[in-house]
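Participant: Here's a structure for you.
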Amino acid sequence: MADNKNMDSLVKALLSSAQGAQVVGNMDKLKSFTSSKEGQELLVLLSGSGGDEIKKAAAAAVGGDKDSAKRMMTSLLSTPDGQKVAKSIVDLMK
């Protein structure tokens, strides 16, 4: 139950940001992307440990621990899979 409450808080915080508004504005692109082969590969990556690291970093940031969030994201982005996820997200937001 606590995990759902934390996830709800995290989602609300992310969607209330300027970047969250951009994601909401690009839902058609997002839907199309997640249906593509590359999108499916990204979803597989996010469902694994990369997704867990992103959740932990986001939770740390929402909790005010920005230094930990930055360290976690830096660690994730130093991996080839992490770089692929980041590139896909950046490309999607263009």
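In the structure tokens, chains take the letters A, B, ... in the order shown, each chain's residues start at 1, and ligands count up from 1 in the order shown.
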Find the residues near range 85-94 of chain A: any atom within 10 Å, counting only C-alpha atoms, skip ones fewer than 2 places away on the same chain, and give them as a ChimeraX atom specification.
Facilitator: /A:19,22-23,25-26,29-30,33,38-39,41-43,45-46,50-51,76-77,79-83
Participant: Quick one, how far is CA of Ser47 in chain A from CA of Met72 in chain A?
Facilitator: 16.8 Å
Participant: Figure out the distance between CA of Ala21 in chain A and CA of Lys66 in chain A, please, to one decimal in Å.
Facilitator: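 About the pair CA of Lys66 in chain A and CA of Ala21 in chain A: they are 21.3 Å apart.
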Participant: Could you list, as a list in words, every residue within 12 Å of Ser68 in chain A, counting only C-alpha atoms and ignoring same-chain residues fewer than 3 positions away?
Facilitator: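 Counting only C-alpha atoms, the residues come to Glu53, Ile54, Lys56, Ala57, Ala58, Ala59, Ala60, Ala61, Val62, Gly63, Gly64, Asp65, Arg71, Met72, Met73, Thr74 and Ser75 of chain A.
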Participant: How would the residues just chosen look if you wrote them out with N, CA, C and O atoms as a PDB file, in the first residue's frame?
Facilitator:
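Wrote selection14.pdb, looks like this:
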```pdb
ATOM      1  N   GLU A  53      16.149   1.608 -10.994  1.00  0.00           N
ATOM      2  CA  GLU A  53      17.062   2.704 -10.675  1.00  0.00           C
ATOM      3  C   GLU A  53      16.417   4.057 -10.944  1.00  0.00           C
ATOM      4  O   GLU A  53      16.600   5.001 -10.174  1.00  0.00           O
ATOM      5  N   ILE A  54      15.668   4.166 -12.036  1.00  0.00           N
ATOM      6  CA  ILE A  54      14.977   5.420 -12.338  1.00  0.00           C
ATOM      7  C   ILE A  54      13.947   5.721 -11.248  1.00  0.00           C
ATOM      8  O   ILE A  54      13.842   6.857 -10.778  1.00  0.00           O
ATOM      9  N   LYS A  56      14.005   4.716  -8.121  1.00  0.00           N
ATOM     10  CA  LYS A  56      14.716   5.089  -6.893  1.00  0.00           C
ATOM     11  C   LYS A  56      15.231   6.521  -6.976  1.00  0.00           C
ATOM     12  O   LYS A  56      15.128   7.283  -6.012  1.00  0.00           O
ATOM     13  N   ALA A  57      15.785   6.888  -8.123  1.00  0.00           N
ATOM     14  CA  ALA A  57      16.308   8.243  -8.295  1.00  0.00           C
ATOM     15  C   ALA A  57      15.181   9.268  -8.236  1.00  0.00           C
ATOM     16  O   ALA A  57      15.318  10.317  -7.596  1.00  0.00           O
ATOM     17  N   ALA A  58      14.072   8.980  -8.884  1.00  0.00           N
ATOM     18  CA  ALA A  58      12.934   9.893  -8.859  1.00  0.00           C
ATOM     19  C   ALA A  58      12.378  10.032  -7.449  1.00  0.00           C
ATOM     20  O   ALA A  58      12.055  11.137  -6.997  1.00  0.00           O
ATOM     21  N   ALA A  59      12.281   8.921  -6.732  1.00  0.00           N
ATOM     22  CA  ALA A  59      11.783   8.965  -5.356  1.00  0.00           C
ATOM     23  C   ALA A  59      12.719   9.786  -4.470  1.00  0.00           C
ATOM     24  O   ALA A  59      12.263  10.560  -3.625  1.00  0.00           O
ATOM     25  N   ALA A  60      14.008   9.630  -4.668  1.00  0.00           N
ATOM     26  CA  ALA A  60      14.983  10.412  -3.898  1.00  0.00           C
ATOM     27  C   ALA A  60      14.827  11.903  -4.204  1.00  0.00           C
ATOM     28  O   ALA A  60      14.846  12.738  -3.298  1.00  0.00           O
ATOM     29  N   ALA A  61      14.650  12.225  -5.475  1.00  0.00           N
ATOM     30  CA  ALA A  61      14.488  13.632  -5.865  1.00  0.00           C
ATOM     31  C   ALA A  61      13.211  14.217  -5.265  1.00  0.00           C
ATOM     32  O   ALA A  61      13.229  15.323  -4.718  1.00  0.00           O
ATOM     33  N   VAL A  62      12.113  13.480  -5.353  1.00  0.00           N
ATOM     34  CA  VAL A  62      10.847  13.949  -4.786  1.00  0.00           C
ATOM     35  C   VAL A  62      10.971  14.110  -3.272  1.00  0.00           C
ATOM     36  O   VAL A  62      10.420  15.036  -2.687  1.00  0.00           O
ATOM     37  N   GLY A  63      11.740  13.222  -2.649  1.00  0.00           N
ATOM     38  CA  GLY A  63      11.963  13.291  -1.207  1.00  0.00           C
ATOM     39  C   GLY A  63      12.956  14.366  -0.792  1.00  0.00           C
ATOM     40  O   GLY A  63      13.240  14.523   0.390  1.00  0.00           O
ATOM     41  N   GLY A  64      13.505  15.080  -1.755  1.00  0.00           N
ATOM     42  CA  GLY A  64      14.430  16.168  -1.451  1.00  0.00           C
ATOM     43  C   GLY A  64      15.889  15.780  -1.430  1.00  0.00           C
ATOM     44  O   GLY A  64      16.758  16.617  -1.199  1.00  0.00           O
ATOM     45  N   ASP A  65      16.191  14.514  -1.690  1.00  0.00           N
ATOM     46  CA  ASP A  65      17.584  14.053  -1.675  1.00  0.00           C
ATOM     47  C   ASP A  65      18.146  14.115  -3.095  1.00  0.00           C
ATOM     48  O   ASP A  65      18.350  13.097  -3.749  1.00  0.00           O
ATOM     49  N   ARG A  71      23.403  10.996  -8.168  1.00  0.00           N
ATOM     50  CA  ARG A  71      24.367   9.884  -8.191  1.00  0.00           C
ATOM     51  C   ARG A  71      23.762   8.657  -8.869  1.00  0.00           C
ATOM     52  O   ARG A  71      24.407   7.987  -9.674  1.00  0.00           O
ATOM     53  N   MET A  72      22.504   8.355  -8.532  1.00  0.00           N
ATOM     54  CA  MET A  72      21.854   7.182  -9.127  1.00  0.00           C
ATOM     55  C   MET A  72      21.693   7.348 -10.637  1.00  0.00           C
ATOM     56  O   MET A  72      21.941   6.403 -11.400  1.00  0.00           O
ATOM     57  N   MET A  73      21.268   8.525 -11.063  1.00  0.00           N
ATOM     58  CA  MET A  73      21.069   8.753 -12.497  1.00  0.00           C
ATOM     59  C   MET A  73      22.409   8.754 -13.230  1.00  0.00           C
ATOM     60  O   MET A  73      22.504   8.229 -14.336  1.00  0.00           O
ATOM     61  N   THR A  74      23.438   9.311 -12.618  1.00  0.00           N
ATOM     62  CA  THR A  74      24.762   9.299 -13.233  1.00  0.00           C
ATOM     63  C   THR A  74      25.246   7.866 -13.407  1.00  0.00           C
ATOM     64  O   THR A  74      25.778   7.498 -14.458  1.00  0.00           O
ATOM     65  N   SER A  75      25.020   7.042 -12.388  1.00  0.00           N
ATOM     66  CA  SER A  75      25.409   5.641 -12.467  1.00  0.00           C
ATOM     67  C   SER A  75      24.642   4.926 -13.581  1.00  0.00           C
ATOM     68  O   SER A  75      25.223   4.192 -14.383  1.00  0.00           O
TER      69      SER A  75
END
```
